[in-house]
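Structure file coords-v8.txt (compact mmCIF, C-alpha atoms) is printed below.
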# COMPACT_ATOMS: atom_id res chain seq x y z
CA MET A 65 -0.25 0.03 39.74
CA SER A 66 -0.39 -3.27 41.57
CA VAL A 67 -0.28 -3.47 45.32
CA LEU A 68 3.19 -4.92 45.05
CA ASP A 69 4.45 -2.05 42.92
CA GLU A 70 2.91 0.35 45.33
CA ALA A 71 4.54 -1.42 48.26
CA PHE A 72 7.97 -1.91 46.85
CA GLY A 73 8.31 0.27 43.78
CA ASP A 74 10.91 -1.08 41.44
CA SER A 75 13.14 -2.24 44.26
CA THR A 76 14.13 -5.84 44.52
CA LEU A 77 11.39 -8.04 45.79
CA PRO A 78 12.31 -9.93 48.93
CA ARG A 79 12.86 -13.28 47.33
CA ALA A 80 16.57 -13.93 47.14
CA ASN A 81 19.89 -13.21 48.70
CA GLY A 82 22.20 -10.62 47.31
CA GLU A 83 21.50 -6.99 46.57
CA VAL A 84 23.58 -3.91 46.01
CA THR A 85 24.06 -2.44 49.45
CA PHE A 86 24.11 1.21 48.46
CA ASP A 87 22.39 2.94 45.57
CA ALA A 88 25.04 5.67 45.49
CA PRO A 89 28.47 6.13 47.10
CA TRP A 90 27.35 8.99 49.36
CA GLN A 91 25.02 6.60 51.17
CA GLY A 92 27.99 4.47 52.16
CA ARG A 93 29.91 7.57 53.26
CA ALA A 94 26.96 8.69 55.40
CA LEU A 95 26.64 5.28 57.04
CA ALA A 96 30.37 5.02 57.65
CA MET A 97 30.44 8.51 59.18
CA ALA A 98 27.62 7.62 61.56
CA VAL A 99 29.30 4.36 62.62
CA SER A 100 32.67 6.05 62.96
CA LEU A 101 31.37 9.04 64.94
CA VAL A 102 29.38 6.90 67.36
CA ASP A 103 32.54 4.92 67.99
CA HIS A 104 34.80 7.98 68.22
CA LEU A 105 32.47 9.75 70.65
CA ASP A 106 32.12 6.56 72.71
CA LEU A 107 28.33 6.56 72.35
CA GLU A 108 25.84 3.76 71.87
CA TRP A 109 24.37 3.25 68.40
CA ASP A 110 21.03 4.19 69.92
CA ALA A 111 22.25 7.79 70.18
CA PHE A 112 22.23 7.92 66.39
CA ARG A 113 19.16 5.77 66.02
CA ARG A 114 17.04 8.27 67.94
CA HIS A 115 17.81 10.88 65.30
CA LEU A 116 17.05 8.40 62.54
CA ILE A 117 13.65 7.65 64.05
CA SER A 118 12.87 11.38 64.27
CA ALA A 119 14.03 12.01 60.71
CA ILE A 120 11.86 9.20 59.30
CA GLU A 121 8.93 10.21 61.45
CA SER A 122 9.08 13.85 60.36
CA GLU A 123 8.99 12.98 56.64
CA PRO A 124 7.67 9.42 56.24
CA ASP A 125 7.64 9.58 52.45
CA ARG A 126 11.25 10.72 52.10
CA ALA A 127 13.74 8.16 50.76
CA TYR A 128 15.44 6.16 53.51
CA TRP A 129 18.98 7.38 52.83
CA ASP A 130 17.83 11.00 52.60
CA SER A 131 16.37 10.61 56.06
CA PHE A 132 19.60 8.95 57.14
CA ALA A 133 21.57 11.98 55.94
CA ALA A 134 19.18 14.33 57.75
CA ALA A 135 19.65 12.25 60.91
CA LEU A 136 23.41 12.51 60.51
CA ASP A 137 23.14 16.30 60.29
CA ALA A 138 21.09 16.40 63.46
CA PHE A 139 23.42 13.96 65.22
CA VAL A 140 26.45 16.07 64.34
CA ALA A 141 24.67 19.23 65.47
CA GLN A 142 23.99 17.64 68.84
CA HIS A 143 27.29 15.93 69.53
CA VAL A 144 30.01 17.76 67.62
CA MET B 213 38.14 6.85 37.02
CA SER B 214 37.17 5.44 33.66
CA HIS B 215 33.46 6.01 34.14
CA ASP B 216 33.69 9.73 34.62
CA HIS B 217 33.34 10.77 30.99
CA HIS B 218 29.77 11.85 31.59
CA PRO B 219 29.55 12.84 35.23
CA ARG B 220 26.03 13.38 36.43
CA PRO B 221 25.25 16.47 38.49
CA THR B 222 25.59 15.95 42.21
CA THR B 223 22.45 16.12 44.27
CA ALA B 224 21.93 18.41 47.25
CA VAL B 225 22.11 15.56 49.74
CA GLU B 226 25.27 14.25 48.11
CA GLN B 227 26.89 17.69 48.47
CA ARG B 228 25.75 17.95 52.09
CA VAL B 229 27.24 14.58 52.99
CA ALA B 230 30.49 15.47 51.23
CA ALA B 231 30.65 18.79 53.07
CA LEU B 232 30.01 17.02 56.35
CA GLU B 233 32.81 14.57 55.68
CA ALA B 234 35.20 17.44 54.89
CA LEU B 235 34.23 19.23 58.09
CA LEU B 236 34.49 16.17 60.31
CA THR B 237 37.80 15.19 58.72
CA GLU B 238 39.20 18.67 59.36
CA LYS B 239 38.13 18.43 62.99
CA GLY B 240 39.84 15.05 63.24
CA LEU B 241 36.58 13.29 64.08
CA VAL B 242 36.56 10.95 61.12
CA ASP B 243 39.29 9.57 58.91
CA PRO B 244 38.44 9.00 55.23
CA VAL B 245 40.59 5.87 55.18
CA VAL B 246 38.67 4.44 58.10
CA LEU B 247 35.39 5.33 56.36
CA ASP B 248 36.57 3.36 53.32
CA GLN B 249 37.28 0.39 55.58
CA ILE B 250 33.85 0.59 57.21
CA ILE B 251 32.13 0.72 53.81
CA ASP B 252 34.18 -2.20 52.56
CA HIS B 253 33.30 -4.14 55.70
CA TYR B 254 29.57 -3.70 55.22
CA GLU B 255 29.67 -4.27 51.49
CA HIS B 256 31.86 -7.33 51.48
CA GLU B 257 32.32 -8.89 54.90
CA VAL B 258 29.02 -8.82 56.72
CA GLY B 259 25.88 -10.08 55.13
CA PRO B 260 23.26 -12.79 55.20
CA MET B 261 25.99 -15.44 54.99
CA ASN B 262 26.77 -14.83 58.66
CA GLY B 263 23.15 -15.43 59.61
CA ALA B 264 23.04 -18.52 57.42
CA LYS B 265 25.97 -19.96 59.37
CA VAL B 266 24.13 -19.34 62.63
CA VAL B 267 21.00 -21.04 61.31
CA ALA B 268 22.84 -24.06 59.90
CA ARG B 269 24.70 -24.54 63.18
CA ALA B 270 21.41 -24.46 65.07
CA TRP B 271 19.98 -27.10 62.73
CA VAL B 272 22.81 -29.57 63.29
CA ASP B 273 23.64 -28.87 66.93
CA PRO B 274 20.67 -29.04 69.34
CA ALA B 275 22.72 -27.63 72.24
CA TYR B 276 23.72 -24.62 70.12
CA ARG B 277 20.10 -24.17 69.04
CA GLN B 278 19.05 -24.01 72.68
CA ARG B 279 21.78 -21.50 73.52
CA LEU B 280 20.74 -19.44 70.50
CA LEU B 281 17.13 -19.31 71.64
CA ASP B 282 18.15 -18.61 75.25
CA ASP B 283 20.67 -15.84 74.51
CA GLY B 284 20.92 -14.88 70.86
CA THR B 285 23.66 -12.29 71.31
CA ALA B 286 25.99 -14.69 73.12
CA ALA B 287 25.36 -17.64 70.80
CA ILE B 288 25.87 -15.50 67.70
CA GLY B 289 29.00 -14.12 69.32
CA GLU B 290 30.30 -17.69 69.64
CA LEU B 291 30.60 -17.72 65.84
CA GLY B 292 32.44 -14.40 65.93
CA PHE B 293 29.62 -12.11 64.85
CA GLY B 294 28.74 -8.91 66.71
CA GLY B 295 28.99 -5.13 66.61
CA PRO B 296 26.64 -2.20 65.97
CA GLU B 297 22.99 -3.21 65.70
CA GLY B 298 23.83 -6.62 67.10
CA ASP B 299 24.01 -5.88 70.80
CA HIS B 300 20.68 -7.36 71.80
CA MET B 301 19.81 -10.20 69.48
CA VAL B 302 16.73 -12.31 70.01
CA VAL B 303 16.24 -15.39 67.84
CA VAL B 304 12.68 -16.54 67.20
CA GLU B 305 12.07 -20.04 65.91
CA ASN B 306 9.60 -21.03 63.23
CA THR B 307 7.68 -24.21 64.01
CA ALA B 308 4.75 -26.13 62.55
CA GLU B 309 2.46 -23.89 64.60
CA VAL B 310 4.18 -20.49 64.45
CA HIS B 311 5.65 -18.36 61.69
CA ASN B 312 7.72 -15.32 62.69
CA LEU B 313 8.08 -12.08 60.77
CA VAL B 314 10.49 -9.25 61.58
CA VAL B 315 9.93 -5.56 60.94
CA CYS B 316 11.05 -2.24 62.37
CA THR B 317 8.15 0.15 62.23
CA LEU B 318 10.13 3.17 63.42
CA CYS B 319 13.44 3.23 61.63
CA SER B 320 14.26 0.01 59.81
CA CYS B 321 16.47 -1.43 62.54
CA TYR B 322 18.09 -4.56 61.28
CA PRO B 323 20.58 -7.08 62.67
CA TRP B 324 23.63 -5.96 60.67
CA PRO B 325 26.14 -8.47 62.03
CA VAL B 326 24.12 -11.44 60.83
CA LEU B 327 22.19 -10.07 57.85
CA GLY B 328 24.27 -7.17 56.59
CA LEU B 329 22.48 -3.96 55.71
CA PRO B 330 18.74 -3.97 55.13
CA PRO B 331 17.34 -4.36 51.60
CA THR B 332 15.41 -1.49 50.06
CA TRP B 333 11.96 -2.98 50.56
CA TYR B 334 12.59 -3.56 54.28
CA LYS B 335 13.00 0.21 54.69
CA SER B 336 9.87 1.08 52.70
CA ALA B 337 6.91 2.63 54.49
CA PRO B 338 4.44 0.06 53.03
CA TYR B 339 6.43 -2.89 54.39
CA ARG B 340 6.86 -1.26 57.78
CA SER B 341 3.14 -0.60 58.15
CA ARG B 342 1.64 -3.64 56.43
CA ALA B 343 3.86 -6.18 58.20
CA VAL B 344 2.13 -5.15 61.41
CA ARG B 345 -1.36 -4.43 60.08
CA GLU B 346 -1.90 -7.35 57.72
CA PRO B 347 1.09 -9.71 57.81
CA ARG B 348 -0.80 -12.68 56.33
CA ALA B 349 -1.95 -10.72 53.28
CA LEU B 350 1.52 -9.22 52.83
CA LEU B 351 3.23 -12.60 53.02
CA ASN B 352 0.72 -14.02 50.58
CA GLU B 353 1.53 -11.30 48.07
CA LEU B 354 5.23 -11.97 48.53
CA GLY B 355 4.70 -15.58 47.50
CA THR B 356 4.82 -16.93 51.04
CA PRO B 357 1.29 -18.04 51.87
CA ILE B 358 1.03 -19.11 55.51
CA PRO B 359 -1.71 -21.66 56.25
CA ASP B 360 -4.58 -20.29 58.34
CA GLU B 361 -3.88 -22.70 61.19
CA VAL B 362 -0.33 -21.33 61.57
CA GLU B 363 -0.05 -18.35 63.87
CA ILE B 364 1.94 -15.38 62.55
CA ARG B 365 3.96 -13.49 65.14
CA VAL B 366 5.28 -10.10 64.13
CA TRP B 367 8.37 -8.83 65.93
CA ASP B 368 8.81 -5.09 65.86
CA SER B 369 12.43 -4.11 66.43
CA SER B 370 11.42 -0.77 67.87
CA ALA B 371 12.80 -1.62 71.31
CA GLU B 372 16.49 -2.20 71.96
CA VAL B 373 16.22 -5.61 70.39
CA ARG B 374 17.09 -6.96 66.94
CA TYR B 375 15.33 -10.12 65.84
CA LEU B 376 16.48 -13.00 63.69
CA VAL B 377 14.14 -15.72 62.50
CA LEU B 378 15.36 -19.30 62.81
CA PRO B 379 13.65 -20.88 59.78
CA ARG B 380 12.52 -24.51 59.74
CA ARG B 381 15.00 -26.92 58.24
CA PRO B 382 13.66 -28.07 54.86
CA ALA B 383 12.50 -31.68 54.63
CA GLY B 384 14.81 -34.06 52.83
CA THR B 385 18.02 -32.35 53.97
CA GLU B 386 18.98 -34.96 56.59
CA ALA B 387 21.99 -36.08 54.57
CA LEU B 388 23.46 -32.58 54.17
CA ASP B 389 26.29 -31.41 56.38
CA GLU B 390 26.53 -28.00 58.04
CA ASP B 391 28.39 -26.30 55.19
CA GLU B 392 25.89 -27.55 52.64
CA LEU B 393 22.99 -26.39 54.80
CA VAL B 394 24.45 -22.87 54.95
CA GLY B 395 23.86 -22.60 51.22
CA LEU B 396 20.14 -23.24 51.64
CA VAL B 397 19.46 -20.41 54.05
CA THR B 398 18.29 -17.18 52.43
CA ARG B 399 18.26 -13.69 53.86
CA ASP B 400 14.51 -13.47 53.43
CA SER B 401 13.90 -16.64 55.42
CA MET B 402 15.74 -15.04 58.34
CA ILE B 403 13.49 -11.98 58.14
CA GLY B 404 10.45 -14.21 57.84
CA VAL B 405 9.21 -13.07 54.43
CA ALA B 406 10.11 -16.44 52.93
CA VAL B 407 10.14 -20.06 54.01
CA LEU B 408 12.67 -22.65 52.91

Represent the supplied structure as structure tokens.
Amino acid sequence: MSVLDEAFGDSTLPRANGEVTFDAPWQGRALAMAVSLVDHLDLEWDAFRRHLISAIESEPDRAYWDSFAAALDAFVAQHV
Amino acid sequence: MSHDHHPRPTTAVEQRVAALEALLTEKGLVDPVVLDQIIDHYEHEVGPMNGAKVVARAWVDPAYRQRLLDDGTAAIGELGFGGPEGDHMVVVENTAEVHNLVVCTLCSCYPWPVLGLPPTWYKSAPYRSRAVREPRALLNELGTPIPDEVEIRVWDSSAEVRYLVLPRRPAGTEALDEDELVGLVTRDSMIGVAVL
């Protein structure tokens, strides 16, 4: 496995514009829920971001959107 | 839906997110229609094109360029771009002496209003660690060799700040107008992993 494969897997290399934003619909739902809740609860985005940092930190090898979903769970548990 | 002849099994995380949406909808905290609108917004309305407009304006309008470097958030707001993850924008300018590279080591922060949502590689652990540890080697592997005499500055978005790189205007583009210049600006040049 080349260093590049190791670094980026089979994801798009950073060489051009344009890329599918979400790999699966649930990722869009999770993002939209986070944005919507932060707005609805009159919080700053940082309130969610703190959970995202913790989620990534606790399992660095987990896929980004899986960590995002875990952060959303924790955010909801704290604020809802 | 026409593509549902062979539905794949849902994953645990997919089920969890769906359950969360049902719960939050029942509590009146989110509205599925609004969620659709937010998704549509990020998929179709925000993206690197916004950042490209900012860059092209800075190339043709020296006063705007100065305002952009002095107060990124305000200058980007002049073009109508702002919102979550765009509250504290700092624009860093590439020059003959300095090349800038943006990363978020903690959580893949990214300036949504001007670049859209981050690409997959930006969120990867290798990019997040190597951009800080060995940016020159990383850029070289990505096909963007930076001459030794050029300093590489790495901007870690782990504070409250989101960074946008103002790439150098390519040589030979003096005759192009602002709209034509917009088409030259790539997302990756505004992250600093490519030059134009």

| message | Restricting the calculation to only C-alpha atoms: of B:Leu291, B:Ala270, B:Leu350, B:Leu232, which residue gets closest to Val144 in chain A? | response |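 Nearest candidate to Val144 in chain A out of B:Leu291, B:Ala270, B:Leu350, B:Leu232: B:Leu232.
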
| request: Compare A:Asp103, A:Phe86, A:His115, A:Ala96 by their minimum atom-to-atom distance to chain B, counting all atoms listed in the file, and give me the closest one. | output: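 Residue with the minimum atom-to-atom distance to chain B: A:Ala96.
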
| field | Interatomic distance, CA of Leu408 in chain B to CA of Tyr276 in chain B (Å, one decimal) | value |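 Straight-line distance from CA of Leu408 in chain B to CA of Tyr276 in chain B works out to 20.5 Å.
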
Closest pair table for chain B residues within 6 Å of chain A, only C-alpha atoms, as a Markdown table:
| residue | atom | partner | partner_atom | distance |
| --- | --- | --- | --- | --- |
| B:Glu226 | CA | A:Trp90 | CA | 5.8 |
| B:Leu247 | CA | A:Ala96 | CA | 5.2 |
| B:Ile250 | CA | A:Ala96 | CA | 5.7 |
| B:Ile251 | CA | A:Gly92 | CA | 5.8 |
| B:Leu318 | CA | A:Ile117 | CA | 5.7 |
| B:Cys319 | CA | A:Ile117 | CA | 5.0 |
| B:Trp333 | CA | A:Phe72 | CA | 5.6 |
| B:Pro338 | CA | A:Ala71 | CA | 5.0 |
| B:Thr398 | CA | A:Asn81 | CA | 5.7 |
| B:Arg399 | CA | A:Asn81 | CA | 5.4 |

| request: May I ask which of the residues B:Trp367, B:Phe293, B:Tyr254, B:Trp271 is the closest one to Val315 in chain B, counting all atoms listed in the file? | output: B:Trp367

| query | Separation of CA of Arg340 in chain B and CA of Phe112 in chain A, in Å? | reply | 19.9 Å

| So how many Å separate CA of Val272 in chain B and CA of Glu390 in chain B, to one decimal? | 6.6 Å

| request: Quick one: everything within 9 Å of range 299-305 of chain B, counting only C-alpha atoms, minus sequence neighbours fewer than 5 positions away in the same chain. Send it as a PyMOL selection string. | output: chain B and resi 280-286+288+294+310-312+323+367+372-380

| Shell around range 353-357 of chain B at 7 Å using only C-alpha atoms, local window under 2 positions removed, as a list in words |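 Neighbouring residues, sequence-local ones excluded: Ala349, Leu350, Leu351, Pro359, Val405, Ala406 and Val407 of chain B.
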
| Which is closer to Glu257 in chain B than all the others in B:Pro296, B:Pro382, B:Pro274, B:Pro325, using only C-alpha atoms? |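 Smallest distance to Glu257 in chain B is found for B:Pro325.
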
| Among the residues B:Val258, B:Val397, B:Met402, B:Cys316, the one that comes closest to Asp368 in chain B [using all atoms listed in the file] |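 Of the candidates, the smallest distance to Asp368 in chain B is held by B:Cys316.
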
| note | Closest of B:Gly404, B:Glu290, B:Thr237, B:Arg342 to Arg269 in chain B, counting only C-alpha atoms, is B:Glu290
